[in-house]
file protein.pdb (PDB, C-alpha atoms)
ATOM      1  CA  MET A   9       0.974  36.394  12.137
ATOM      2  CA  THR A  10       4.294  35.585  10.482
ATOM      3  CA  GLN A  11       5.524  32.024   9.954
ATOM      4  CA  GLU A  12       8.162  32.532  12.650
ATOM      5  CA  GLU A  13       5.538  33.757  15.127
ATOM      6  CA  MET A  14       3.301  30.762  14.375
ATOM      7  CA  ILE A  15       6.172  28.329  14.900
ATOM      8  CA  GLU A  16       7.077  30.019  18.197
ATOM      9  CA  LYS A  17       3.471  29.808  19.374
ATOM     10  CA  ILE A  18       3.143  26.173  18.266
ATOM     11  CA  ASN A  19       6.277  25.224  20.215
ATOM     12  CA  ARG A  20       5.024  27.017  23.324
ATOM     13  CA  LEU A  21       1.535  25.476  23.218
ATOM     14  CA  LYS A  22       2.986  22.038  22.515
ATOM     15  CA  LYS A  23       4.908  22.169  25.793
ATOM     16  CA  GLU A  24       2.001  23.608  27.750
ATOM     17  CA  LYS A  25      -0.383  20.891  26.578
ATOM     18  CA  ASN A  26       2.114  18.005  26.582
ATOM     19  CA  ALA A  27       1.457  17.373  22.909
ATOM     20  CA  VAL A  28       3.602  15.778  20.221
ATOM     21  CA  ILE A  29       3.477  16.536  16.526
ATOM     22  CA  LEU A  30       3.738  13.586  14.147
ATOM     23  CA  SER A  31       4.305  14.216  10.461
ATOM     24  CA  HIS A  32       4.498  12.103   7.343
ATOM     25  CA  PHE A  33       7.411  12.610   4.947
ATOM     26  CA  TYR A  34       5.047  13.955   2.274
ATOM     27  CA  THR A  35       4.124  17.186   4.072
ATOM     28  CA  ASN A  36       5.645  20.582   3.291
ATOM     29  CA  PRO A  37       9.141  21.410   4.636
ATOM     30  CA  GLU A  38       7.907  23.835   7.300
ATOM     31  CA  ILE A  39       5.611  21.129   8.705
ATOM     32  CA  GLN A  40       8.412  18.586   8.788
ATOM     33  CA  GLY A  41      10.485  21.235  10.531
ATOM     34  CA  ILE A  42       8.136  21.539  13.530
ATOM     35  CA  ALA A  43       7.445  17.805  13.866
ATOM     36  CA  ASP A  44       8.715  15.906  16.886
ATOM     37  CA  TYR A  45       8.694  12.747  14.798
ATOM     38  CA  LEU A  46       8.788  12.092  11.059
ATOM     39  CA  GLY A  47       7.824   8.746   9.620
ATOM     40  CA  ASP A  48       5.817   6.618   7.228
ATOM     41  CA  SER A  49       2.602   4.815   8.095
ATOM     42  CA  LEU A  50       4.192   2.016  10.123
ATOM     43  CA  GLY A  51       6.644   4.229  11.979
ATOM     44  CA  LEU A  52       4.026   6.808  12.907
ATOM     45  CA  SER A  53       1.578   4.109  14.022
ATOM     46  CA  ARG A  54       4.178   2.818  16.459
ATOM     47  CA  LEU A  55       5.038   6.307  17.688
ATOM     48  CA  ALA A  56       1.378   7.124  18.271
ATOM     49  CA  ALA A  57       1.095   4.120  20.556
ATOM     50  CA  THR A  58       4.231   4.815  22.571
ATOM     51  CA  ALA A  59       4.463   8.620  22.686
ATOM     52  CA  ASP A  60       4.628   9.990  26.230
ATOM     53  CA  ALA A  61       2.058  12.715  25.645
ATOM     54  CA  ASP A  62      -1.499  13.727  26.422
ATOM     55  CA  ALA A  63      -2.228  14.799  22.855
ATOM     56  CA  ILE A  64      -1.110  13.997  19.323
ATOM     57  CA  VAL A  65      -1.315  16.462  16.453
ATOM     58  CA  PHE A  66      -1.129  14.428  13.257
ATOM     59  CA  CYS A  67       0.211  16.073  10.122
ATOM     60  CA  GLY A  68      -0.921  13.873   7.272
ATOM     61  CA  VAL A  69      -4.121  12.739   5.597
ATOM     62  CA  HIS A  70      -7.239  11.842   7.563
ATOM     63  CA  PHE A  71      -6.870   8.064   7.777
ATOM     64  CA  MET A  72      -3.465   8.499   9.436
ATOM     65  CA  ALA A  73      -4.859  10.568  12.294
ATOM     66  CA  GLU A  74      -7.740   8.111  12.547
ATOM     67  CA  THR A  75      -5.269   5.231  12.858
ATOM     68  CA  ALA A  76      -3.453   7.069  15.652
ATOM     69  CA  ALA A  77      -6.796   7.491  17.456
ATOM     70  CA  ILE A  78      -7.530   3.777  17.076
ATOM     71  CA  ILE A  79      -4.198   2.894  18.674
ATOM     72  CA  SER A  80      -4.161   5.584  21.374
ATOM     73  CA  PRO A  81      -7.558   5.831  23.116
ATOM     74  CA  ASP A  82      -5.894   7.399  26.154
ATOM     75  CA  LYS A  83      -4.743  10.426  24.148
ATOM     76  CA  LYS A  84      -6.476  13.275  22.385
ATOM     77  CA  VAL A  85      -5.722  12.975  18.671
ATOM     78  CA  TYR A  86      -6.107  15.913  16.307
ATOM     79  CA  SER A  87      -5.804  16.119  12.545
ATOM     80  CA  ALA A  88      -4.001  19.244  11.364
ATOM     81  CA  ALA A  89      -5.879  18.959   8.051
ATOM     82  CA  PHE A  90      -9.207  17.297   8.848
ATOM     83  CA  ASP A  91     -10.387  17.467   5.226
ATOM     84  CA  ALA A  92      -7.203  15.933   3.752
ATOM     85  CA  GLY A  93      -8.361  12.764   2.022
ATOM     86  CA  CYS A  94      -6.680   9.812   0.330
ATOM     87  CA  SER A  95      -7.592   8.223  -2.990
ATOM     88  CA  LEU A  96      -6.786   4.774  -1.597
ATOM     89  CA  ALA A  97      -8.907   5.152   1.521
ATOM     90  CA  ASP A  98     -11.732   6.631  -0.560
ATOM     91  CA  SER A  99     -11.680   3.694  -3.001
ATOM     92  CA  CYS A 100     -12.673   1.012  -0.488
ATOM     93  CA  ALA A 101     -15.939   0.559   1.436
ATOM     94  CA  ALA A 102     -16.585  -1.801   4.330
ATOM     95  CA  GLU A 103     -19.716  -3.179   2.647
ATOM     96  CA  GLY A 104     -17.645  -4.642  -0.161
ATOM     97  CA  LEU A 105     -15.379  -6.462   2.261
ATOM     98  CA  ARG A 106     -18.370  -7.905   4.095
ATOM     99  CA  ARG A 107     -19.775  -9.219   0.814
ATOM    100  CA  TRP A 108     -16.457 -10.816  -0.109
ATOM    101  CA  LYS A 109     -16.176 -12.529   3.277
ATOM    102  CA  ALA A 110     -19.703 -13.892   2.914
ATOM    103  CA  GLU A 111     -18.745 -15.359  -0.473
ATOM    104  CA  HIS A 112     -15.429 -16.790   0.835
ATOM    105  CA  PRO A 113     -16.003 -18.484   4.213
ATOM    106  CA  GLY A 114     -12.654 -18.842   5.924
ATOM    107  CA  GLY A 115     -11.046 -16.195   3.714
ATOM    108  CA  LEU A 116      -8.898 -13.406   5.127
ATOM    109  CA  VAL A 117      -9.020  -9.685   4.384
ATOM    110  CA  VAL A 118      -5.612  -8.025   4.263
ATOM    111  CA  SER A 119      -5.960  -4.255   4.178
ATOM    112  CA  TYR A 120      -3.333  -1.640   3.586
ATOM    113  CA  VAL A 121      -3.226   0.794   6.501
ATOM    114  CA  ASN A 122      -4.397   3.466   4.029
ATOM    115  CA  THR A 123      -8.038   2.738   4.881
ATOM    116  CA  THR A 124     -10.819   4.086   7.060
ATOM    117  CA  ALA A 125     -11.605   2.815  10.552
ATOM    118  CA  ALA A 126     -14.754   1.157   9.164
ATOM    119  CA  VAL A 127     -12.677  -0.839   6.673
ATOM    120  CA  LYS A 128     -10.122  -1.784   9.318
ATOM    121  CA  ALA A 129     -12.996  -3.079  11.438
ATOM    122  CA  GLU A 130     -13.792  -5.593   8.645
ATOM    123  CA  THR A 131     -10.111  -6.508   8.185
ATOM    124  CA  ASP A 132      -8.186  -9.510   9.500
ATOM    125  CA  TYR A 133      -4.669  -8.130   9.034
ATOM    126  CA  CYS A 134      -3.473  -4.603   8.364
ATOM    127  CA  VAL A 135      -0.232  -4.067   6.454
ATOM    128  CA  THR A 136       1.947  -1.185   5.308
ATOM    129  CA  SER A 137       4.187  -0.957   2.274
ATOM    130  CA  ALA A 138       7.094  -1.733   4.619
ATOM    131  CA  ASN A 139       5.746  -5.020   5.988
ATOM    132  CA  ALA A 140       3.122  -6.262   3.498
ATOM    133  CA  LEU A 141       5.418  -8.830   1.869
ATOM    134  CA  ARG A 142       6.421 -10.330   5.204
ATOM    135  CA  ILE A 143       2.867 -10.582   6.522
ATOM    136  CA  VAL A 144       1.365 -12.070   3.351
ATOM    137  CA  LYS A 145       4.148 -14.679   3.243
ATOM    138  CA  ALA A 146       3.282 -15.674   6.834
ATOM    139  CA  LEU A 147      -0.435 -16.251   6.213
ATOM    140  CA  PRO A 148      -1.781 -19.803   5.595
ATOM    141  CA  ALA A 149      -1.136 -20.823   1.992
ATOM    142  CA  ASP A 150      -4.509 -22.576   1.606
ATOM    143  CA  CYS A 151      -6.546 -19.558   2.735
ATOM    144  CA  PRO A 152      -8.216 -17.227   0.182
ATOM    145  CA  LEU A 153      -7.006 -13.639   0.521
ATOM    146  CA  LEU A 154      -8.591 -10.349  -0.443
ATOM    147  CA  PHE A 155      -5.883  -7.689  -0.595
ATOM    148  CA  GLY A 156      -6.916  -4.082  -0.729
ATOM    149  CA  PRO A 157      -7.312  -1.391  -1.563
ATOM    150  CA  ASP A 158      -4.128  -0.868  -3.594
ATOM    151  CA  ARG A 159      -4.084  -3.062  -6.681
ATOM    152  CA  ASN A 160      -0.479  -2.107  -7.496
ATOM    153  CA  LEU A 161       0.946  -3.036  -4.106
ATOM    154  CA  GLY A 162      -1.116  -6.226  -4.249
ATOM    155  CA  GLY A 163       0.207  -7.005  -7.723
ATOM    156  CA  TYR A 164       3.766  -6.435  -6.529
ATOM    157  CA  ILE A 165       3.236  -8.863  -3.623
ATOM    158  CA  GLN A 166       1.746 -11.463  -5.973
ATOM    159  CA  GLU A 167       4.677 -11.184  -8.370
ATOM    160  CA  VAL A 168       7.315 -11.447  -5.637
ATOM    161  CA  THR A 169       5.671 -14.197  -3.560
ATOM    162  CA  GLY A 170       3.686 -16.110  -6.184
ATOM    163  CA  ARG A 171       0.721 -15.914  -3.813
ATOM    164  CA  LYS A 172      -2.535 -15.442  -5.713
ATOM    165  CA  MET A 173      -4.988 -13.000  -4.147
ATOM    166  CA  ASP A 174      -8.182 -11.223  -5.052
ATOM    167  CA  LEU A 175      -7.147  -7.592  -5.496
ATOM    168  CA  TRP A 176      -9.338  -4.644  -4.636
ATOM    169  CA  GLN A 177      -9.112  -2.202  -7.551
ATOM    170  CA  GLY A 178      -8.011   0.957  -5.758
ATOM    171  CA  CYS A 179      -4.873   3.010  -6.304
ATOM    172  CA  CYS A 180      -2.887   6.000  -5.127
ATOM    173  CA  ILE A 181      -3.444   8.648  -7.786
ATOM    174  CA  VAL A 182       0.093   9.991  -7.243
ATOM    175  CA  HIS A 183       1.934   6.675  -7.615
ATOM    176  CA  ASP A 184      -0.393   5.187 -10.230
ATOM    177  CA  VAL A 185       1.062   7.521 -12.871
ATOM    178  CA  ILE A 186       4.510   5.864 -12.591
ATOM    179  CA  THR A 187       4.200   3.712 -15.702
ATOM    180  CA  PRO A 188       6.545   1.056 -17.106
ATOM    181  CA  GLU A 189       7.298   3.362 -20.035
ATOM    182  CA  MET A 190       8.317   6.134 -17.634
ATOM    183  CA  VAL A 191      10.742   3.815 -15.841
ATOM    184  CA  ARG A 192      12.236   2.473 -19.072
ATOM    185  CA  GLN A 193      12.804   6.014 -20.264
ATOM    186  CA  THR A 194      14.523   6.910 -16.980
ATOM    187  CA  LEU A 195      16.776   3.832 -17.131
ATOM    188  CA  ALA A 196      17.896   4.910 -20.605
ATOM    189  CA  GLU A 197      18.387   8.545 -19.586
ATOM    190  CA  TYR A 198      20.356   7.770 -16.414
ATOM    191  CA  PRO A 199      22.268   4.528 -17.070
ATOM    192  CA  GLY A 200      23.741   2.917 -13.982
ATOM    193  CA  THR A 201      21.757   5.089 -11.540
ATOM    194  CA  ASP A 202      19.751   3.538  -8.721
ATOM    195  CA  ILE A 203      15.990   4.153  -8.963
ATOM    196  CA  LEU A 204      13.890   4.027  -5.793
ATOM    197  CA  ILE A 205      10.172   3.452  -6.416
ATOM    198  CA  HIS A 206       7.222   3.096  -4.071
ATOM    199  CA  PRO A 207       5.427  -0.275  -4.534
ATOM    200  CA  GLU A 208       2.138   1.626  -4.998
ATOM    201  CA  ALA A 209       3.481   2.553  -8.450
ATOM    202  CA  LEU A 210       1.741   1.218 -11.564
ATOM    203  CA  CYS A 211       5.032  -0.359 -12.691
ATOM    204  CA  SER A 212       5.650  -2.281  -9.450
ATOM    205  CA  HIS A 213       4.371  -5.660 -10.604
ATOM    206  CA  GLU A 214       6.507  -5.821 -13.756
ATOM    207  CA  GLN A 215       9.067  -8.626 -13.390
ATOM    208  CA  GLU A 216      11.569  -6.785 -15.580
ATOM    209  CA  PHE A 217      11.788  -4.091 -12.885
ATOM    210  CA  ILE A 218      11.573  -6.370  -9.844
ATOM    211  CA  SER A 219      14.587  -8.315 -11.126
ATOM    212  CA  ASN A 220      16.574  -5.219 -12.146
ATOM    213  CA  PRO A 221      19.340  -4.593  -9.552
ATOM    214  CA  LEU A 222      19.180  -0.841 -10.171
ATOM    215  CA  ILE A 223      15.496  -0.636  -9.180
ATOM    216  CA  HIS A 224      14.484  -0.782  -5.531
ATOM    217  CA  PHE A 225      10.815  -0.951  -4.520
ATOM    218  CA  ALA A 226      10.553   0.430  -1.012
ATOM    219  CA  SER A 227       8.405   2.374   1.427
ATOM    220  CA  THR A 228       9.392   5.964   2.197
ATOM    221  CA  ALA A 229      11.280   4.905   5.330
ATOM    222  CA  GLY A 230      12.805   2.077   3.311
ATOM    223  CA  MET A 231      14.076   4.545   0.719
ATOM    224  CA  LEU A 232      15.796   6.592   3.407
ATOM    225  CA  ASP A 233      17.423   3.448   4.740
ATOM    226  CA  ILE A 234      18.643   2.357   1.298
ATOM    227  CA  VAL A 235      20.182   5.764   0.570
ATOM    228  CA  ARG A 236      21.808   5.958   4.001
ATOM    229  CA  LYS A 237      23.526   2.573   3.546
ATOM    230  CA  SER A 238      24.434   2.909  -0.130
ATOM    231  CA  PRO A 239      27.829   4.165  -1.366
ATOM    232  CA  ALA A 240      26.092   5.545  -4.484
ATOM    233  CA  GLN A 241      26.010   9.325  -4.863
ATOM    234  CA  ARG A 242      22.998   9.763  -7.152
ATOM    235  CA  PHE A 243      19.449   8.401  -6.927
ATOM    236  CA  ILE A 244      16.230   8.723  -8.931
ATOM    237  CA  ILE A 245      13.254   9.047  -6.543
ATOM    238  CA  GLY A 246       9.897   7.591  -7.565
ATOM    239  CA  THR A 247       7.529   8.725  -4.851
ATOM    240  CA  GLU A 248       5.830  11.886  -3.569
ATOM    241  CA  LEU A 249       8.290  14.770  -3.670
ATOM    242  CA  GLY A 250       7.919  15.648   0.025
ATOM    243  CA  ILE A 251      10.450  12.944   0.854
ATOM    244  CA  MET A 252      13.138  15.083  -0.801
ATOM    245  CA  THR A 253      13.252  17.286   2.310
ATOM    246  CA  GLU A 254      14.439  14.474   4.560
ATOM    247  CA  LEU A 255      16.615  12.848   1.891
ATOM    248  CA  HIS A 256      18.610  16.074   1.466
ATOM    249  CA  LYS A 257      18.734  16.653   5.216
ATOM    250  CA  GLN A 258      20.149  13.199   5.952
ATOM    251  CA  ASN A 259      22.405  13.043   2.886
ATOM    252  CA  PRO A 260      23.582  16.569   1.996
ATOM    253  CA  ASP A 261      26.382  15.314  -0.244
ATOM    254  CA  LYS A 262      24.188  13.069  -2.409
ATOM    255  CA  GLU A 263      22.141  13.969  -5.485
ATOM    256  CA  PHE A 264      18.423  13.217  -5.759
ATOM    257  CA  ILE A 265      16.487  13.488  -9.001
ATOM    258  CA  PRO A 266      12.674  13.197  -9.049
ATOM    259  CA  LEU A 267      11.373  10.516 -11.396
ATOM    260  CA  ARG A 268       8.829  13.199 -12.324
ATOM    261  CA  GLU A 269       8.358  16.714 -10.942
ATOM    262  CA  THR A 270       4.595  16.149 -10.926
ATOM    263  CA  LEU A 271       4.601  13.493  -8.167
ATOM    264  CA  VAL A 272       2.803  15.683  -5.641
ATOM    265  CA  CYS A 273       0.005  14.720  -3.235
ATOM    266  CA  HIS A 274      -2.108  17.853  -2.946
ATOM    267  CA  GLU A 275      -3.996  16.344  -0.023
ATOM    268  CA  MET A 276      -0.786  16.098   2.027
ATOM    269  CA  LYS A 277      -0.010  19.694   1.138
ATOM    270  CA  LYS A 278      -3.240  20.782   2.851
ATOM    271  CA  VAL A 279      -1.401  20.465   6.161
ATOM    272  CA  ARG A 280      -0.335  23.981   7.131
ATOM    273  CA  LEU A 281       1.042  25.734  10.186
ATOM    274  CA  GLU A 282      -2.324  27.426  10.676
ATOM    275  CA  GLY A 283      -3.975  24.013  11.012
ATOM    276  CA  VAL A 284      -1.413  22.786  13.551
ATOM    277  CA  LEU A 285      -1.883  25.961  15.596
ATOM    278  CA  ASP A 286      -5.681  25.603  15.452
ATOM    279  CA  CYS A 287      -5.417  22.089  16.876
ATOM    280  CA  LEU A 288      -3.261  23.209  19.787
ATOM    281  CA  GLU A 289      -5.014  26.484  20.476
ATOM    282  CA  ASN A 290      -8.649  25.567  19.907
ATOM    283  CA  GLY A 291      -8.853  21.771  19.888
ATOM    284  CA  ALA A 292      -9.817  21.806  16.211
ATOM    285  CA  GLY A 293      -9.759  18.616  14.162
ATOM    286  CA  GLU A 294     -10.229  16.178  17.029
ATOM    287  CA  ILE A 295     -10.702  12.570  15.896
ATOM    288  CA  VAL A 296     -13.649  10.975  17.716
ATOM    289  CA  LEU A 297     -14.424   7.287  17.119
ATOM    290  CA  ASP A 298     -17.209   5.018  18.258
ATOM    291  CA  GLU A 299     -15.622   2.783  20.901
ATOM    292  CA  ALA A 300     -16.999  -0.499  19.549
ATOM    293  CA  LEU A 301     -15.747   0.370  16.067
ATOM    294  CA  ARG A 302     -12.367   1.446  17.459
ATOM    295  CA  GLN A 303     -11.858  -1.873  19.237
ATOM    296  CA  ARG A 304     -12.706  -3.864  16.103
ATOM    297  CA  ALA A 305     -10.387  -1.685  14.007
ATOM    298  CA  LEU A 306      -7.589  -2.103  16.532
ATOM    299  CA  LEU A 307      -7.412  -5.896  16.170
ATOM    300  CA  PRO A 308      -5.859  -6.055  12.649
ATOM    301  CA  ILE A 309      -3.424  -3.288  13.574
ATOM    302  CA  THR A 310      -2.367  -5.191  16.694
ATOM    303  CA  ARG A 311      -1.830  -8.321  14.597
ATOM    304  CA  MET A 312       0.294  -6.272  12.199
ATOM    305  CA  MET A 313       2.472  -4.869  14.966
ATOM    306  CA  GLU A 314       2.905  -8.300  16.548
ATOM    307  CA  MET A 315       4.044  -9.755  13.203
TER     308      MET A 315
END
call {"tool": "encode", "arguments": {"input": "protein.pdb", "output": "structure tokens"}}
result
Amino acid sequence: MTQEEMIEKINRLKKEKNAVILSHFYTNPEIQGIADYLGDSLGLSRLAATADADAIVFCGVHFMAETAAIISPDKKVYSAAFDAGCSLADSCAAEGLRRWKAEHPGGLVVSYVNTTAAVKAETDYCVTSANALRIVKALPADCPLLFGPDRNLGGYIQEVTGRKMDLWQGCCIVHDVITPEMVRQTLAEYPGTDILIHPEALCSHEQEFISNPLIHFASTAGMLDIVRKSPAQRFIIGTELGIMTELHKQNPDKEFIPLRETLVCHEMKKVRLEGVLDCLENGAGEIVLDEALRQRALLPITRMMEM
């Protein structure tokens, strides 16, 4: 079956089954092309909850589809790449959070949304890269916090807010390679050019970059917003290269230069048209959660959305 035939069949089955396709910005261009909605973690979480559909086909890594299933128990949720993992989600286990809470009575666990349902079930507040600063600032100042699993995002929050936290030592293997030296080299090579960097980057908690007006730490959706509003014509992009598809689509007259050509998440690239079609045609990749676990995992997400 050709790519065009697969896309035609996907569009037909989507209508027949009242399904919507949600895709992260890091997937391949052909996947973004068939998606009803593109977004980052926060945006897609909201869309999963409000979509007028009987089924959701999630194009992203596994924890994202799992999060959609937590939020939308009234819908069938399918992962178009069931085996697509995440280094952040894999770095954190629920047992460790339970131990920390036992050692810190009254402490709060703040977990990045890039976690499993089991970890969310042990979490007090979920956050995304788009809202983590705002939520941490709003939490009681005298309460111990464990922030996880991304040590770089946690370090960035600490540096910006001055709020001390215990940091879980996980990382995104794509963003963790963005070193201070790499950023300094780019600043020298492209003087006066705005650099957009994801706060999961290794360099994100360096004050010299946080205070530099040319450097903007932002989520993927935040990067799109910055570019859309900026009069600048050239940007260096420090995140997974899949975002280039939407950046060029929204801003055809602007120039985008990857911070490094190697910033590729191979797990996101596991999402293929064949997987989307298998979900719609055969019900493959369905996310099934224990109901008690789902309800516990929903609470920190609900708190996040309310805040």
call {"tool": "residues_near_point", "arguments": {"input": "protein.pdb", "point": "(15.3, 0.7, -8.1)", "cutoff": "8 Å", "atoms": "only C-alpha atoms", "output": "list of chain:residue names"}}
result
A:Asp202, A:Ile203, A:Leu204, A:Ile205, A:Phe217, A:Asn220, A:Pro221, A:Leu222, A:Ile223, A:His224, A:Phe225
call {"tool": "residues_around", "arguments": {"input": "protein.pdb", "residues": "Met313 (chain A)", "least_positions_apart": "3", "cutoff": "12 Å", "atoms": "all atoms listed in the file", "output": "list in words"}}
result
Ser49, Leu50, Gly51, Leu52, Ser53, Arg54, Leu55, Ala57, Ile79, Val121, Tyr133, Cys134, Val135, Thr136, Ala138, Asn139, Ala140, Arg142, Ile143, Leu306, Leu307, Pro308, Ile309 and Thr310 of chain A
call {"tool": "write_last_selection", "arguments": {"input": "protein.pdb", "atoms": "C-alpha atoms", "output": "compact mmCIF listing (two decimals), in the frame of the given file"}}
result
# COMPACT_ATOMS: atom_id res chain seq x y z
CA SER A 49 2.60 4.82 8.10
CA LEU A 50 4.19 2.02 10.12
CA GLY A 51 6.64 4.23 11.98
CA LEU A 52 4.03 6.81 12.91
CA SER A 53 1.58 4.11 14.02
CA ARG A 54 4.18 2.82 16.46
CA LEU A 55 5.04 6.31 17.69
CA ALA A 57 1.10 4.12 20.56
CA ILE A 79 -4.20 2.89 18.67
CA VAL A 121 -3.23 0.79 6.50
CA TYR A 133 -4.67 -8.13 9.03
CA CYS A 134 -3.47 -4.60 8.36
CA VAL A 135 -0.23 -4.07 6.45
CA THR A 136 1.95 -1.18 5.31
CA ALA A 138 7.09 -1.73 4.62
CA ASN A 139 5.75 -5.02 5.99
CA ALA A 140 3.12 -6.26 3.50
CA ARG A 142 6.42 -10.33 5.20
CA ILE A 143 2.87 -10.58 6.52
CA LEU A 306 -7.59 -2.10 16.53
CA LEU A 307 -7.41 -5.90 16.17
CA PRO A 308 -5.86 -6.06 12.65
CA ILE A 309 -3.42 -3.29 13.57
CA THR A 310 -2.37 -5.19 16.69
call {"tool": "closest_residue", "arguments": {"input": "protein.pdb", "among": "A:Asn160, A:Thr228, A:Thr187, A:Ser238", "to": "Glu208 (chain A)", "atoms": "all atoms listed in the file"}}
result
A:Asn160
call {"tool": "closest_residue", "arguments": {"input": "protein.pdb", "among": "A:Val182, A:Ala43, A:Glu254, A:Ala56", "to": "Asn19 (chain A)", "atoms": "all atoms listed in the file"}}
result
A:Ala43
call {"tool": "atom_distance", "arguments": {"input": "protein.pdb", "atom1": "CA of Glu103 (chain A)", "atom2": "CA of Val117 (chain A)"}}
result
12.6 Å
call {"tool": "closest_residue", "arguments": {"input": "protein.pdb", "among": "A:Ala92, A:Val127, A:Met72, A:Ile15", "to": "Leu301 (chain A)", "atoms": "only C-alpha atoms"}}
result
A:Val127
call {"tool": "closest_residue", "arguments": {"input": "protein.pdb", "among": "A:Met252, A:Ile165, A:Lys83, A:Ile181", "to": "Gln215 (chain A)", "atoms": "only C-alpha atoms"}}
result
A:Ile165
call {"tool": "axis_aligned_box", "arguments": {"input": "protein.pdb", "around": "region 70-76 of chain A", "padding_each_side": "6 Å", "output": "JSON"}}
result
{"center_x": -5.6, "center_y": 8.5, "center_z": 11.6, "size_x": 16.3, "size_y": 18.6, "size_z": 20.1}
call {"tool": "closest_residue", "arguments": {"input": "protein.pdb", "among": "A:Gly170, A:Gly283, A:Gly250, A:Pro113", "to": "Glu269 (chain A)", "atoms": "all atoms listed in the file"}}
result
A:Gly250
call {"tool": "residues_around", "arguments": {"input": "protein.pdb", "residues": "Leu147 (chain A)", "least_positions_apart": "5", "cutoff": "12 Å", "atoms": "only C-alpha atoms", "output": "mmCIF file with C-alpha atoms, in the coordinates of the input"}}
result
data_model
loop_
_atom_site.group_PDB
_atom_site.id
_atom_site.type_symbol
_atom_site.label_atom_id
_atom_site.label_comp_id
_atom_site.auth_asym_id
_atom_site.auth_seq_id
_atom_site.Cartn_x
_atom_site.Cartn_y
_atom_site.Cartn_z
ATOM 1 C CA GLY A 115 -11.046 -16.195 3.714
ATOM 2 C CA LEU A 116 -8.898 -13.406 5.127
ATOM 3 C CA VAL A 117 -9.020 -9.685 4.384
ATOM 4 C CA VAL A 118 -5.612 -8.025 4.263
ATOM 5 C CA ASP A 132 -8.186 -9.510 9.500
ATOM 6 C CA TYR A 133 -4.669 -8.130 9.034
ATOM 7 C CA ALA A 140 3.122 -6.262 3.498
ATOM 8 C CA LEU A 141 5.418 -8.830 1.869
ATOM 9 C CA ARG A 142 6.421 -10.330 5.204
ATOM 10 C CA PRO A 152 -8.216 -17.227 0.182
ATOM 11 C CA LEU A 153 -7.006 -13.639 0.521
ATOM 12 C CA THR A 169 5.671 -14.197 -3.560
ATOM 13 C CA ARG A 171 0.721 -15.914 -3.813
ATOM 14 C CA MET A 173 -4.988 -13.000 -4.147
ATOM 15 C CA ARG A 311 -1.830 -8.321 14.597
ATOM 16 C CA MET A 312 0.294 -6.272 12.199
ATOM 17 C CA MET A 315 4.044 -9.755 13.203
#
call {"tool": "resolve_selection", "arguments": {"input": "protein.pdb", "expression": "the PyMOL selection byres ((chain A and resi 186) around 12)", "output": "PyMOL selection string"}}
result
chain A and resi 160+179-185+187-194+204-214+245-248+266-271
call {"tool": "closest_residue", "arguments": {"input": "protein.pdb", "among": "A:Leu30, A:Val85, A:Ala229, A:Ala129", "to": "Gly68 (chain A)", "atoms": "all atoms listed in the file"}}
result
A:Leu30
call {"tool": "resolve_selection", "arguments": {"input": "protein.pdb", "expression": "the PyMOL selection byres ((chain A and resi 279) around 10)", "output": "PyMOL selection string"}}
result
chain A and resi 31+34-36+38-39+66-69+87-92+274-278+280-284
call {"tool": "residues_near_point", "arguments": {"input": "protein.pdb", "point": "(3.6, 13.9, 18.0)", "cutoff": "6 Å", "atoms": "only C-alpha atoms", "output": "PyMOL selection string"}}
result
chain A and resi 28-30+44+64-65
call {"tool": "resolve_selection", "arguments": {"input": "protein.pdb", "expression": "the PyMOL selection byres ((chain A and resi 78) around 8)", "output": "PyMOL selection string"}}
result
chain A and resi 74-77+79-81+125+297+302-303+305-306
call {"tool": "atom_distance", "arguments": {"input": "protein.pdb", "atom1": "CA of Leu161 (chain A)", "atom2": "CA of Tyr86 (chain A)"}}
result
28.7 Å
call {"tool": "decode", "arguments": {"input": "protein.pdb", "residues": "region 20-28 of chain A", "atoms": "N, CA and C atoms", "output": "JSON list (two decimals), in the first residue's frame"}}
result
[["chain", "number", "residue", "atom", "x", "y", "z"],
["A", 20, "ARG", "N", -10.57, 7.87, 6.03],
["A", 20, "ARG", "CA", -11.91, 7.25, 5.93],
["A", 20, "ARG", "C", -12.28, 6.55, 7.24],
["A", 21, "LEU", "N", -11.36, 5.76, 7.79],
["A", 21, "LEU", "CA", -11.64, 5.03, 9.03],
["A", 21, "LEU", "C", -11.83, 5.98, 10.21],
["A", 22, "LYS", "N", -11.10, 7.08, 10.20],
["A", 22, "LYS", "CA", -11.22, 8.07, 11.27],
["A", 22, "LYS", "C", -12.65, 8.61, 11.33],
["A", 23, "LYS", "N", -13.23, 8.88, 10.19],
["A", 23, "LYS", "CA", -14.61, 9.38, 10.15],
["A", 23, "LYS", "C", -15.59, 8.29, 10.56],
["A", 24, "GLU", "N", -15.37, 7.09, 10.05],
["A", 24, "GLU", "CA", -16.28, 5.98, 10.36],
["A", 24, "GLU", "C", -16.32, 5.68, 11.85],
["A", 25, "LYS", "N", -15.20, 5.79, 12.51],
["A", 25, "LYS", "CA", -15.09, 5.40, 13.92],
["A", 25, "LYS", "C", -15.12, 6.60, 14.87],
["A", 26, "ASN", "N", -15.38, 7.78, 14.34],
["A", 26, "ASN", "CA", -15.42, 9.00, 15.15],
["A", 26, "ASN", "C", -14.17, 9.10, 16.03],
["A", 27, "ALA", "N", -13.03, 9.02, 15.36],
["A", 27, "ALA", "CA", -11.74, 9.07, 16.06],
["A", 27, "ALA", "C", -11.02, 10.36, 15.72],
["A", 28, "VAL", "N", -10.18, 10.81, 16.65],
["A", 28, "VAL", "CA", -9.30, 11.94, 16.38],
["A", 28, "VAL", "C", -7.85, 11.48, 16.55]]
